[in-house]
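Participant: Got start_29.cif for you, mmCIF, C-alpha atoms:
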data_entry
loop_
_atom_site.label_atom_id
_atom_site.label_comp_id
_atom_site.auth_asym_id
_atom_site.auth_seq_id
_atom_site.Cartn_x
_atom_site.Cartn_y
_atom_site.Cartn_z
CA MET H 1 -20.48 -2.06 14.86
CA LEU H 2 -17.68 -1.80 12.30
CA LEU H 3 -14.08 -2.25 13.45
CA VAL H 4 -11.57 -0.45 11.19
CA THR H 5 -8.09 -1.92 11.60
CA PHE H 6 -4.58 -0.84 10.65
CA GLY H 7 -1.05 -1.56 11.78
CA THR H 8 1.27 0.28 9.41
CA ARG H 9 1.52 3.80 8.09
CA PRO H 10 0.49 2.82 4.53
CA GLU H 11 -2.54 0.99 5.93
CA TYR H 12 -3.59 4.02 7.96
CA ILE H 13 -3.23 6.31 4.95
CA LYS H 14 -5.58 4.04 3.01
CA VAL H 15 -8.22 3.56 5.74
CA LEU H 16 -8.26 7.24 6.74
CA PRO H 17 -10.62 8.30 3.91
CA VAL H 18 -13.04 5.58 5.04
CA ILE H 19 -12.81 6.75 8.67
CA ASN H 20 -13.48 10.33 7.60
CA GLU H 21 -16.48 9.28 5.52
CA LEU H 22 -17.87 7.19 8.39
CA LYS H 23 -17.57 10.24 10.64
CA LYS H 24 -19.25 12.45 8.04
CA ARG H 25 -22.22 10.09 7.84
CA SER H 26 -22.35 9.48 11.62
CA LEU H 27 -21.97 5.74 11.07
CA PRO H 28 -20.79 3.83 14.17
CA TYR H 29 -17.27 2.40 14.10
CA LYS H 30 -14.24 1.73 16.27
CA THR H 31 -10.54 1.66 15.37
CA PHE H 32 -7.93 -0.96 16.17
CA PHE H 33 -4.21 -0.23 15.84
CA THR H 34 -2.25 -3.47 15.71
CA GLY H 35 1.09 -1.85 16.55
CA GLN H 36 3.23 -2.80 13.56
CA HIS H 37 4.51 0.77 13.01
CA THR H 38 4.69 2.29 16.50
CA ASP H 39 5.78 5.74 15.27
CA LEU H 40 2.32 6.13 13.72
CA LEU H 41 0.72 6.92 17.08
CA SER H 42 2.25 10.38 17.26
CA ASP H 43 0.43 11.45 14.07
CA ILE H 44 -3.10 10.08 14.46
CA ASP H 45 -6.17 10.34 16.67
CA PRO H 46 -5.93 7.85 19.56
CA PRO H 47 -7.39 4.51 18.41
CA ASP H 48 -10.09 2.79 20.43
CA TYR H 49 -7.83 -0.26 20.79
CA GLN H 50 -4.10 -0.69 20.42
CA ILE H 51 -1.71 -3.49 21.25
CA PRO H 52 2.05 -3.89 21.40
CA ILE H 53 3.77 -6.42 19.17
CA SER H 54 5.33 -9.17 21.27
CA THR H 55 9.03 -9.83 20.93
CA GLY H 56 10.32 -13.07 19.49
CA GLY H 57 12.76 -14.60 17.07
CA ASN H 58 10.51 -14.07 14.05
CA ARG H 59 8.84 -10.71 13.54
CA LEU H 60 6.03 -12.06 11.38
CA ASP H 61 5.22 -14.76 13.95
CA SER H 62 5.17 -12.09 16.65
CA ILE H 63 2.67 -9.94 14.76
CA VAL H 64 0.25 -12.84 14.32
CA GLN H 65 0.67 -14.03 17.90
CA SER H 66 0.03 -10.54 19.28
CA ILE H 67 -3.29 -10.11 17.46
CA LEU H 68 -4.87 -13.47 18.26
CA ASN H 69 -6.74 -14.10 21.55
CA ARG H 70 -7.79 -10.45 22.03
CA GLU H 71 -11.41 -10.96 23.02
CA GLU H 72 -11.93 -7.41 24.32
CA ILE H 73 -11.22 -5.92 20.89
CA PHE H 74 -13.90 -7.90 19.07
CA GLU H 75 -16.65 -7.61 21.68
CA ASN H 76 -19.87 -6.09 20.20
CA ILE H 77 -18.27 -6.01 16.74
CA ARG H 78 -20.25 -7.31 13.77
CA THR H 79 -17.88 -6.47 10.90
CA VAL H 80 -14.10 -6.03 10.64
CA LEU H 81 -12.41 -4.02 7.87
CA VAL H 82 -8.83 -4.95 6.99
CA GLN H 83 -6.72 -3.19 4.38
CA GLY H 84 -4.34 -4.66 1.86
CA ASP H 85 -1.81 -7.39 2.46
CA THR H 86 0.18 -6.86 5.64
CA THR H 87 0.67 -9.56 8.23
CA SER H 88 -1.38 -7.39 10.59
CA ALA H 89 -4.28 -7.48 8.12
CA PHE H 90 -4.04 -11.25 7.70
CA ALA H 91 -3.90 -11.89 11.45
CA THR H 92 -6.84 -9.57 12.15
CA ALA H 93 -8.91 -11.22 9.42
CA LEU H 94 -8.07 -14.63 10.87
CA ALA H 95 -9.12 -13.51 14.35
CA ALA H 96 -12.40 -12.16 12.93
CA PHE H 97 -13.02 -15.41 11.06
CA HIS H 98 -12.46 -17.42 14.24
CA ARG H 99 -15.25 -15.34 15.84
CA LYS H 100 -17.58 -15.68 12.81
CA LEU H 101 -17.55 -11.93 12.16
CA SER H 102 -18.07 -10.43 8.71
CA ILE H 103 -14.86 -9.32 7.02
CA TYR H 104 -14.45 -6.43 4.58
CA HIS H 105 -11.26 -6.56 2.53
CA LEU H 106 -10.13 -3.17 1.26
CA GLU H 107 -7.82 -3.29 -1.79
CA ALA H 108 -8.84 -6.84 -2.68
CA GLY H 109 -7.81 -8.85 -5.72
CA LEU H 110 -4.20 -7.75 -6.19
CA ARG H 111 -2.03 -10.65 -7.33
CA THR H 112 1.37 -11.61 -8.71
CA TYR H 113 0.73 -15.37 -8.25
CA ASP H 114 4.26 -15.72 -6.87
CA LYS H 115 4.12 -16.26 -3.11
CA ASN H 116 7.68 -14.99 -2.72
CA SER H 117 7.17 -11.72 -4.63
CA PRO H 118 6.23 -9.67 -2.79
CA TYR H 119 6.91 -11.60 0.41
CA PRO H 120 4.91 -12.10 2.62
CA GLU H 121 2.26 -9.84 1.08
CA GLU H 122 1.22 -12.13 -1.78
CA PHE H 123 0.31 -14.91 0.65
CA ASN H 124 -1.40 -12.51 3.03
CA ARG H 125 -3.76 -11.00 0.47
CA ARG H 126 -4.69 -14.37 -1.03
CA ALA H 127 -5.39 -15.76 2.43
CA ILE H 128 -7.52 -12.71 3.31
CA SER H 129 -9.55 -13.25 0.13
CA ALA H 130 -10.39 -16.75 1.35
CA LEU H 131 -11.63 -15.29 4.66
CA ALA H 132 -13.42 -12.16 3.42
CA ASP H 133 -17.16 -11.72 2.96
CA VAL H 134 -16.98 -8.43 1.04
CA HIS H 135 -14.20 -7.63 -1.43
CA PHE H 136 -13.52 -3.96 -2.25
CA ALA H 137 -11.49 -4.25 -5.44
CA PRO H 138 -9.62 -1.17 -6.70
CA THR H 139 -10.02 -2.04 -10.40
CA GLN H 140 -12.08 -4.25 -12.69
CA THR H 141 -8.95 -6.33 -13.32
CA ALA H 142 -8.68 -7.05 -9.60
CA ALA H 143 -12.38 -7.93 -9.47
CA ASP H 144 -11.97 -10.27 -12.44
CA ARG H 145 -9.12 -12.06 -10.67
CA LEU H 146 -11.29 -12.63 -7.63
CA GLU H 147 -14.16 -13.96 -9.69
CA ASN H 148 -11.80 -16.25 -11.62
CA GLU H 149 -10.69 -17.64 -8.26
CA GLY H 150 -14.28 -18.37 -7.30
CA TYR H 151 -15.14 -15.28 -5.26
CA THR H 152 -18.31 -14.30 -7.10
CA ASN H 153 -20.35 -12.73 -4.28
CA ASN H 154 -19.97 -9.21 -2.89
CA VAL H 155 -17.12 -8.12 -5.16
CA PHE H 156 -17.27 -4.34 -5.69
CA VAL H 157 -15.03 -2.14 -7.86
CA VAL H 158 -14.46 1.05 -5.85
CA GLY H 159 -11.04 2.38 -6.84
CA ASN H 160 -8.20 2.74 -4.37
CA THR H 161 -8.73 4.88 -1.28
CA VAL H 162 -5.13 6.11 -1.36
CA LEU H 163 -6.20 8.42 -4.20
CA ASP H 164 -8.89 10.07 -2.05
CA ASN H 165 -6.05 11.65 -0.06
CA ILE H 166 -4.51 13.33 -3.09
CA SER H 167 -7.51 14.32 -5.21
CA HIS H 168 -6.85 18.00 -4.41
CA ILE H 169 -3.14 17.98 -5.29
CA GLU H 170 -1.92 20.11 -8.19
CA THR H 171 1.10 18.88 -10.13
CA THR H 172 4.17 20.68 -11.45
CA LEU H 173 7.22 19.46 -13.34
CA GLU H 174 10.70 19.92 -11.90
CA ASP H 175 14.03 18.28 -12.74
CA ARG H 176 13.78 15.87 -9.83
CA VAL H 177 13.55 12.07 -9.59
CA ILE H 178 12.09 10.48 -6.45
CA ILE H 179 13.42 7.07 -5.38
CA THR H 180 12.14 4.48 -2.90
CA LEU H 181 13.71 1.02 -2.61
CA HIS H 182 13.39 -1.12 0.50
CA ARG H 183 11.29 -4.25 -0.03
CA ARG H 184 12.28 -7.26 2.04
CA GLU H 185 12.74 -9.57 -0.95
CA LYS H 186 15.23 -7.08 -2.46
CA HIS H 187 17.60 -6.85 0.51
CA HIS H 188 20.01 -9.45 -0.88
CA GLU H 189 20.60 -7.39 -4.04
CA LEU H 190 20.39 -3.82 -2.75
CA LYS H 191 24.11 -3.30 -3.28
CA GLU H 192 23.69 -3.79 -7.05
CA TRP H 193 20.58 -1.59 -7.15
CA PHE H 194 22.23 1.21 -5.22
CA GLU H 195 25.28 1.11 -7.48
CA ALA H 196 23.02 1.31 -10.54
CA LEU H 197 21.13 4.24 -9.01
CA ASN H 198 24.35 6.05 -8.30
CA ASN H 199 25.60 5.53 -11.86
CA LEU H 200 22.27 6.76 -13.22
CA ALA H 201 22.50 9.92 -11.14
CA LYS H 202 26.08 10.61 -12.23
CA ASN H 203 25.11 10.10 -15.90
CA ASN H 204 22.22 12.56 -15.57
CA PRO H 205 23.63 15.56 -13.71
CA GLN H 206 20.75 17.74 -14.94
CA LEU H 207 18.42 15.79 -12.64
CA ASP H 208 18.21 15.90 -8.85
CA PHE H 209 17.86 12.31 -7.62
CA VAL H 210 16.24 12.32 -4.17
CA PHE H 211 16.07 9.18 -2.05
CA PRO H 212 14.07 9.30 1.24
CA ILE H 213 15.81 6.26 2.64
CA HIS H 214 14.03 3.60 4.68
CA PRO H 215 15.24 3.23 8.30
CA ASN H 216 15.68 -0.55 8.03
CA PRO H 217 19.34 -1.39 8.84
CA ASN H 218 19.47 -3.73 5.83
CA VAL H 219 18.83 -0.66 3.65
CA GLN H 220 20.84 1.87 5.61
CA LYS H 221 24.08 -0.11 5.41
CA TYR H 222 24.32 0.59 1.66
CA ARG H 223 23.77 4.32 2.06
CA PRO H 224 27.47 5.19 1.42
CA LEU H 225 27.12 3.83 -2.14
CA LEU H 226 24.81 6.72 -3.06
CA SER H 227 27.41 9.48 -3.38
CA GLY H 228 25.67 10.96 -6.43
CA VAL H 229 22.17 10.75 -4.97
CA ARG H 230 20.65 13.19 -2.47
CA VAL H 231 19.74 10.89 0.41
CA VAL H 232 17.25 12.33 2.91
CA GLU H 233 15.43 11.00 5.93
CA PRO H 234 11.93 9.51 5.48
CA LEU H 235 9.33 12.15 4.64
CA ALA H 236 5.92 12.66 6.18
CA HIS H 237 3.20 11.47 3.82
CA THR H 238 2.04 14.99 2.93
CA GLU H 239 5.60 16.08 2.14
CA PHE H 240 6.25 12.91 0.17
CA ILE H 241 3.14 13.40 -1.97
CA GLU H 242 4.20 16.99 -2.67
CA SER H 243 7.55 15.63 -3.84
CA LEU H 244 5.83 13.14 -6.15
CA ALA H 245 3.55 15.85 -7.52
CA SER H 246 6.48 18.04 -8.54
CA CYS H 247 8.98 15.46 -9.80
CA LYS H 248 9.79 14.37 -13.35
CA TYR H 249 9.48 10.63 -12.70
CA ILE H 250 9.67 8.01 -9.95
CA ILE H 251 11.85 4.96 -9.32
CA THR H 252 10.34 2.56 -6.77
CA ASP H 253 9.72 -1.01 -5.66
CA SER H 254 6.56 0.05 -3.85
CA GLY H 255 3.06 -1.03 -4.73
CA GLY H 256 0.92 1.92 -3.68
CA ILE H 257 3.25 4.52 -5.16
CA GLN H 258 2.43 3.12 -8.60
CA GLU H 259 -1.18 4.20 -8.06
CA GLU H 260 -0.31 7.62 -6.68
CA ALA H 261 2.13 8.19 -9.54
CA ALA H 262 -0.53 7.36 -12.15
CA PHE H 263 -3.07 9.66 -10.50
CA LEU H 264 -0.51 12.49 -10.43
CA LYS H 265 0.50 11.71 -14.06
CA LYS H 266 4.11 10.82 -13.21
CA PRO H 267 5.94 8.02 -15.07
CA CYS H 268 7.01 5.23 -12.73
CA VAL H 269 9.94 2.81 -13.04
CA VAL H 270 8.95 -0.26 -11.00
CA CYS H 271 12.04 -2.11 -9.78
CA ARG H 272 10.41 -5.53 -9.58
CA GLU H 273 9.97 -8.65 -11.70
CA PHE H 274 6.20 -8.60 -11.22
CA THR H 275 3.60 -6.07 -10.21
CA GLU H 276 0.11 -6.66 -8.87
CA ARG H 277 -0.81 -3.30 -10.42
CA GLY H 278 -0.48 -4.24 -14.05
CA GLU H 279 -3.24 -1.90 -15.20
CA GLY H 280 -0.73 0.93 -15.61
CA LEU H 281 2.05 -1.01 -17.34
CA GLY H 282 3.13 0.39 -20.67
CA THR H 283 1.37 3.69 -20.08
CA PHE H 284 2.09 4.93 -16.58
CA SER H 285 4.76 2.44 -15.51
CA VAL H 286 7.39 0.01 -16.74
CA LEU H 287 8.90 -3.01 -15.01
CA CYS H 288 12.63 -2.92 -14.31
CA PRO H 289 13.46 -6.44 -13.08
CA THR H 290 17.24 -6.01 -12.77
CA PRO H 291 19.65 -3.15 -12.01
CA LYS H 292 21.16 -3.56 -15.50
CA GLU H 293 17.91 -2.33 -17.05
CA LEU H 294 17.58 0.77 -14.89
CA GLU H 295 19.09 3.20 -17.42
CA LEU H 296 16.89 1.93 -20.27
CA CYS H 297 13.76 2.13 -18.13
CA SER H 298 14.68 5.60 -16.93
CA ASN H 299 15.03 6.74 -20.53
CA TRP H 300 11.47 5.52 -21.11
CA ALA H 301 10.29 7.55 -18.12
CA LEU H 302 12.02 10.69 -19.39
CA SER H 303 10.24 10.45 -22.74
CA ALA H 304 6.81 9.23 -21.53
CA ASN H 305 3.84 11.49 -22.25
CA ILE H 306 0.92 10.55 -20.01
CA LEU H 307 -0.77 13.86 -19.21
CA ASP H 308 -3.88 12.99 -21.22
CA GLU H 309 -4.15 9.39 -19.97
CA LYS H 310 -6.83 8.32 -17.49
CA CYS H 311 -5.64 6.87 -14.18
CA PRO H 312 -6.76 3.21 -14.02
CA TYR H 313 -6.77 3.01 -10.21
CA GLY H 314 -9.74 5.19 -9.30
CA ASP H 315 -11.15 8.70 -9.29
CA GLY H 316 -10.51 9.84 -5.72
CA ASN H 317 -14.01 9.02 -4.40
CA SER H 318 -13.48 5.47 -3.16
CA ALA H 319 -14.47 6.06 0.48
CA SER H 320 -17.85 7.39 -0.60
CA TYR H 321 -18.53 4.31 -2.71
CA ILE H 322 -17.45 2.01 0.15
CA CYS H 323 -19.68 3.70 2.70
CA ASP H 324 -22.63 3.55 0.29
CA ILE H 325 -22.14 -0.22 0.09
CA HIS H 326 -21.65 -0.48 3.85
CA GLU H 327 -24.90 1.39 4.52
CA ASN H 328 -26.75 -0.92 2.13
CA ILE H 329 -25.34 -3.96 3.92
CA ILE H 330 -26.37 -2.51 7.30
CA GLY H 331 -29.85 -1.96 5.92
CA ASP H 332 -30.05 -5.53 4.64
CA LEU H 333 -28.97 -6.88 8.03
CA THR H 334 -31.43 -4.64 9.88
CA ASN H 335 -34.31 -5.73 7.68
CA ALA H 336 -33.40 -9.42 7.76
#
Take the structure from the file and write it as structure tokens.
Facilitator:
Amino acid sequence: MLLVTFGTRPEYIKVLPVINELKKRSLPYKTFFTGQHTDLLSDIDPPDYQIPISTGGNRLDSIVQSILNREEIFENIRTVLVQGDTTSAFATALAAFHRKLSIYHLEAGLRTYDKNSPYPEEFNRRAISALADVHFAPTQTAADRLENEGYTNNVFVVGNTVLDNISHIETTLEDRVIITLHRREKHHELKEWFEALNNLAKNNPQLDFVFPIHPNPNVQKYRPLLSGVRVVEPLAHTEFIESLASCKYIITDSGGIQEEAAFLKKPCVVCREFTERGEGLGTFSVLCPTPKELELCSNWALSANILDEKCPYGDGNSASYICDIHENIIGDLTNA
């Protein structure tokens, strides 16, 4: 039995194509919601297992503590699928390893090689690689990283499942810029970033700068600085993707949005010093390490012509490739 796990909204969005493909093929599986984003439950089918996150002085400690010692969840499970680089994914992989279960790592091989950027995700994904038995890499570059680190068995290039969700989306071009900025490691400098965003918006009145702001209080407290930006509440994923598909370009510190932007042929200004998604740099995206460089990078985005470029992150059929591999592994185990 395969256990498909997720704890956050981005994780669920990326495992959903796999769940749908498992259903389509009538392959047995169960789902485990680790409770990191509790608002997710109102939008999804009830998971087979769900847990609350315990309260404590350190949120990351609480997530790990809550997932360990859950024997009932792993009973009759042979393989556990974890996605990406969240603390939920790391803790679930660790629990599976302690029980000598096989571990599938979805979105494997992403790296910045700086454990503090992004934090704690860079540690989490490298630790999961050490625990995983099967590595589903989104790109050949990610697969090469894994093999260079010594993971030479069961590394498969499958693309990123996030693109499966948007393979049907048609794009348009409107005078709108979509913004997302909220990463934990950026909280100490958000004031400077928000001021730069506001200046950019005021200097480009022909563009509608839209910022679906994150609910984190460390982000919300700088909201008054965005007088020239249209600040809105967080959007549902479908609505957000529609906004990406119709915008002129994107400003973000997100990881996954870089992939969605490339697939939708939208230039992306990445407000980070490093990106684990370097395949699109120079064509689909540009790094903007400091607020002072935001205007220059935005000018690049306004002039970028990427309509004829091929997205490096997949073709929108990742879940099918993954389930093909899964069925082959099941067959090998059955015949062993």
Participant: Report as JSON lines: every residue of region 229-332 of chain H with an atom at most 12 Å from region 160-179 of chain H, its closest pair of atoms, and their distance in Å to one decimal, counting all atoms listed in the file, with rows sorted by chain and ascending residue number.
Facilitator:
{"residue": "H:Val229", "atom": "CA", "partner": "H:Ile179", "partner_atom": "CA", "distance": 9.5}
{"residue": "H:Arg230", "atom": "CA", "partner": "H:Ile178", "partner_atom": "CA", "distance": 9.8}
{"residue": "H:Val231", "atom": "CA", "partner": "H:Ile179", "partner_atom": "CA", "distance": 9.4}
{"residue": "H:Val232", "atom": "CA", "partner": "H:Ile179", "partner_atom": "CA", "distance": 10.5}
{"residue": "H:Pro234", "atom": "CA", "partner": "H:Ile179", "partner_atom": "CA", "distance": 11.2}
{"residue": "H:Leu235", "atom": "CA", "partner": "H:Ile178", "partner_atom": "CA", "distance": 11.5}
{"residue": "H:His237", "atom": "CA", "partner": "H:Asn165", "partner_atom": "CA", "distance": 10.0}
{"residue": "H:Thr238", "atom": "CA", "partner": "H:Ile166", "partner_atom": "CA", "distance": 9.0}
{"residue": "H:Glu239", "atom": "CA", "partner": "H:Ile169", "partner_atom": "CA", "distance": 11.6}
{"residue": "H:Phe240", "atom": "CA", "partner": "H:Ile178", "partner_atom": "CA", "distance": 9.2}
{"residue": "H:Ile241", "atom": "CA", "partner": "H:Ile166", "partner_atom": "CA", "distance": 7.7}
{"residue": "H:Glu242", "atom": "CA", "partner": "H:Ile169", "partner_atom": "CA", "distance": 7.9}
{"residue": "H:Ser243", "atom": "CA", "partner": "H:Ile178", "partner_atom": "CA", "distance": 7.3}
{"residue": "H:Leu244", "atom": "CA", "partner": "H:Ile178", "partner_atom": "CA", "distance": 6.8}
{"residue": "H:Ala245", "atom": "CA", "partner": "H:Thr171", "partner_atom": "CA", "distance": 4.7}
{"residue": "H:Ser246", "atom": "CA", "partner": "H:Thr172", "partner_atom": "CA", "distance": 4.6}
{"residue": "H:Cys247", "atom": "CA", "partner": "H:Arg176", "partner_atom": "CA", "distance": 4.8}
{"residue": "H:Lys248", "atom": "CA", "partner": "H:Arg176", "partner_atom": "CA", "distance": 5.5}
{"residue": "H:Tyr249", "atom": "CA", "partner": "H:Val177", "partner_atom": "CA", "distance": 5.3}
{"residue": "H:Ile250", "atom": "CA", "partner": "H:Ile178", "partner_atom": "CA", "distance": 4.9}
{"residue": "H:Ile251", "atom": "CA", "partner": "H:Ile179", "partner_atom": "CA", "distance": 4.7}
{"residue": "H:Thr252", "atom": "CA", "partner": "H:Ile179", "partner_atom": "CA", "distance": 5.6}
{"residue": "H:Asp253", "atom": "CA", "partner": "H:Ile179", "partner_atom": "CA", "distance": 8.9}
{"residue": "H:Ser254", "atom": "CA", "partner": "H:Ile179", "partner_atom": "CA", "distance": 9.9}
{"residue": "H:Gly255", "atom": "CA", "partner": "H:Val162", "partner_atom": "CA", "distance": 11.4}
{"residue": "H:Gly256", "atom": "CA", "partner": "H:Val162", "partner_atom": "CA", "distance": 7.7}
{"residue": "H:Ile257", "atom": "CA", "partner": "H:Val162", "partner_atom": "CA", "distance": 9.3}
{"residue": "H:Gln258", "atom": "CA", "partner": "H:Val162", "partner_atom": "CA", "distance": 10.9}
{"residue": "H:Glu259", "atom": "CA", "partner": "H:Leu163", "partner_atom": "CA", "distance": 7.6}
{"residue": "H:Glu260", "atom": "CA", "partner": "H:Leu163", "partner_atom": "CA", "distance": 6.4}
{"residue": "H:Ala261", "atom": "CA", "partner": "H:Leu163", "partner_atom": "CA", "distance": 9.9}
{"residue": "H:Ala262", "atom": "CA", "partner": "H:Leu163", "partner_atom": "CA", "distance": 9.8}
{"residue": "H:Phe263", "atom": "CA", "partner": "H:Leu163", "partner_atom": "CA", "distance": 7.1}
{"residue": "H:Leu264", "atom": "CA", "partner": "H:Thr171", "partner_atom": "CA", "distance": 6.6}
{"residue": "H:Lys265", "atom": "CA", "partner": "H:Thr171", "partner_atom": "CA", "distance": 8.2}
{"residue": "H:Lys266", "atom": "CA", "partner": "H:Thr171", "partner_atom": "CA", "distance": 9.1}
{"residue": "H:Pro267", "atom": "CA", "partner": "H:Val177", "partner_atom": "CA", "distance": 10.2}
{"residue": "H:Cys268", "atom": "CA", "partner": "H:Ile178", "partner_atom": "CA", "distance": 9.6}
{"residue": "H:Val269", "atom": "CA", "partner": "H:Ile179", "partner_atom": "CA", "distance": 9.4}
{"residue": "H:Val270", "atom": "CA", "partner": "H:Ile179", "partner_atom": "CA", "distance": 10.3}
{"residue": "H:Cys271", "atom": "CA", "partner": "H:Ile179", "partner_atom": "CA", "distance": 10.3}
{"residue": "H:Arg277", "atom": "CA", "partner": "H:Asn160", "partner_atom": "CA", "distance": 11.3}
{"residue": "H:Ser298", "atom": "CA", "partner": "H:Val177", "partner_atom": "CA", "distance": 9.8}
{"residue": "H:Ala301", "atom": "CA", "partner": "H:Val177", "partner_atom": "CA", "distance": 10.2}
{"residue": "H:Leu302", "atom": "CA", "partner": "H:Val177", "partner_atom": "CA", "distance": 10.0}
{"residue": "H:Leu307", "atom": "CA", "partner": "H:Thr171", "partner_atom": "CA", "distance": 10.5}
{"residue": "H:Cys311", "atom": "CA", "partner": "H:Leu163", "partner_atom": "CA", "distance": 10.1}
{"residue": "H:Pro312", "atom": "CA", "partner": "H:Asn160", "partner_atom": "CA", "distance": 9.8}
{"residue": "H:Tyr313", "atom": "CA", "partner": "H:Asn160", "partner_atom": "CA", "distance": 6.0}
{"residue": "H:Gly314", "atom": "CA", "partner": "H:Asn160", "partner_atom": "CA", "distance": 5.7}
{"residue": "H:Asp315", "atom": "CA", "partner": "H:Leu163", "partner_atom": "CA", "distance": 7.1}
{"residue": "H:Gly316", "atom": "CA", "partner": "H:Asp164", "partner_atom": "CA", "distance": 4.0}
{"residue": "H:Asn317", "atom": "CA", "partner": "H:Asp164", "partner_atom": "CA", "distance": 5.7}
{"residue": "H:Ser318", "atom": "CA", "partner": "H:Thr161", "partner_atom": "CA", "distance": 5.1}
{"residue": "H:Ala319", "atom": "CA", "partner": "H:Thr161", "partner_atom": "CA", "distance": 6.1}
{"residue": "H:Ser320", "atom": "CA", "partner": "H:Asp164", "partner_atom": "CA", "distance": 9.5}
{"residue": "H:Tyr321", "atom": "CA", "partner": "H:Thr161", "partner_atom": "CA", "distance": 9.9}
{"residue": "H:Ile322", "atom": "CA", "partner": "H:Thr161", "partner_atom": "CA", "distance": 9.3}
{"residue": "H:Cys323", "atom": "CA", "partner": "H:Thr161", "partner_atom": "CA", "distance": 11.7}
Participant: Separation of CA of Thr290 (chain H) and CA of Asp208 (chain H), in Å?
Facilitator: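 These two atoms are separated by 22.3 Å.
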Participant: So, counting all atoms listed in the file, which residue among H:Asn305, H:Thr152, H:Asn76, H:Thr38 is closest to Met1 (chain H)?
Facilitator: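 Using all atoms listed in the file, the shortest distance to Met1 (chain H) belongs to H:Asn76.
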Participant: Centre and edge lengths, as AutoDock Vina command-line options, for the axis-aligned box enclosing every listed atom of region 254-261 of chain H with 4 Å of padding on each of the six sides, in Å to one decimal?
Facilitator:
--center_x 2.7 --center_y 3.6 --center_z -6.6 --size_x 15.7 --size_y 17.2 --size_z 13.9
Participant: Give as a PyMOL selection string the residues that the PyMOL selection byres ((chain H and resi 7) around 10) matches when applied to the coordinates above.
Facilitator: chain H and resi 5-6+8-12+32-38+40+50-51+63+82-83+86-89+92
Participant: Find the residues around region 111-124 of chain H up to 10 Å (only C-alpha atoms counted), leave out those fewer than 3 positions away in its own chain, and share them as a ChimeraX atom specification.
Facilitator: /H:60,84-91,93,108,127-129,142,145-146,183-186,253-255,272-278
Participant: Write out as a VMD selection string which residues come within 8 Å of region 217-224 of chain H when counting all atoms listed in the file, dropping same-chain ones fewer than 2 positions away.
Facilitator: chain H and resid 182 187 190 to 191 194 213 to 215 226 to 227 231
Participant: Using the selection just defined, write its residues with C-alpha atoms as a compact mmCIF listing (two decimals), in the frame of the given file.
Facilitator:
# COMPACT_ATOMS: atom_id res chain seq x y z
CA HIS H 182 13.39 -1.12 0.50
CA HIS H 187 17.60 -6.85 0.51
CA LEU H 190 20.39 -3.82 -2.75
CA LYS H 191 24.11 -3.30 -3.28
CA PHE H 194 22.23 1.21 -5.22
CA ILE H 213 15.81 6.26 2.64
CA HIS H 214 14.03 3.60 4.68
CA PRO H 215 15.24 3.23 8.30
CA LEU H 226 24.81 6.72 -3.06
CA SER H 227 27.41 9.48 -3.38
CA VAL H 231 19.74 10.89 0.41
Participant: Name the closest residue to Glu293 (chain H) among the candidates H:Val210, H:Leu200, H:Ala236, H:Leu281; distances are taken between atoms, counting only C-alpha atoms.
Facilitator: H:Leu200
Participant: For the PyMOL selection byres ((chain H and resi 27) around 10), applied here, can you spell out every residue it catches as a PyMOL selection string?
Facilitator: chain H and resi 1-2+19+21-26+28-29+323+326-327
Participant: On this file, the PyMOL selection byres ((chain H and resi 131) around 10) gives some set of residues; write that set as a PDB file with C-alpha atoms, in the frame of the given file.
Facilitator:
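Output contents, as saved in result30.pdb:
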ATOM      1  CA  PHE H  90      -4.040 -11.250   7.700  1.00  0.00           C
ATOM      2  CA  ALA H  93      -8.910 -11.220   9.420  1.00  0.00           C
ATOM      3  CA  LEU H  94      -8.070 -14.630  10.870  1.00  0.00           C
ATOM      4  CA  ALA H  96     -12.400 -12.160  12.930  1.00  0.00           C
ATOM      5  CA  PHE H  97     -13.020 -15.410  11.060  1.00  0.00           C
ATOM      6  CA  HIS H  98     -12.460 -17.420  14.240  1.00  0.00           C
ATOM      7  CA  SER H 102     -18.070 -10.430   8.710  1.00  0.00           C
ATOM      8  CA  ILE H 103     -14.860  -9.320   7.020  1.00  0.00           C
ATOM      9  CA  TYR H 104     -14.450  -6.430   4.580  1.00  0.00           C
ATOM     10  CA  HIS H 105     -11.260  -6.560   2.530  1.00  0.00           C
ATOM     11  CA  ARG H 125      -3.760 -11.000   0.470  1.00  0.00           C
ATOM     12  CA  ARG H 126      -4.690 -14.370  -1.030  1.00  0.00           C
ATOM     13  CA  ALA H 127      -5.390 -15.760   2.430  1.00  0.00           C
ATOM     14  CA  ILE H 128      -7.520 -12.710   3.310  1.00  0.00           C
ATOM     15  CA  SER H 129      -9.550 -13.250   0.130  1.00  0.00           C
ATOM     16  CA  ALA H 130     -10.390 -16.750   1.350  1.00  0.00           C
ATOM     17  CA  ALA H 132     -13.420 -12.160   3.420  1.00  0.00           C
ATOM     18  CA  ASP H 133     -17.160 -11.720   2.960  1.00  0.00           C
ATOM     19  CA  VAL H 134     -16.980  -8.430   1.040  1.00  0.00           C
TER      20      VAL H 134
END
Participant: Report, in Å to a single decimal, how far apart CA of Asn328 (chain H) and CA of Pro46 (chain H) are.
Facilitator: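 CA of Asn328 (chain H) lies at a distance of 28.5 Å from CA of Pro46 (chain H).
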Participant: In Å, rounded to a single decimal, give me how far CA of Ser285 (chain H) is from CA of Lys310 (chain H).
Facilitator: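 Those two atoms sit 13.1 Å apart.
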Participant: Using only C-alpha atoms, determine which residues lie at most 7 Å from Lys30 (chain H), disregarding the query and same-chain residues fewer than 6 positions distant; provide the list as a list in words.
Facilitator: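 Counting only the stated atoms, we get Leu2, Leu3, Val4 and Asp48 of chain H.
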Participant: Those same residues, written as a compact mmCIF listing (two decimals), keeping the file's coordinate frame with C-alpha atoms?
Facilitator:
# COMPACT_ATOMS: atom_id res chain seq x y z
CA LEU H 2 -17.68 -1.80 12.30
CA LEU H 3 -14.08 -2.25 13.45
CA VAL H 4 -11.57 -0.45 11.19
CA ASP H 48 -10.09 2.79 20.43
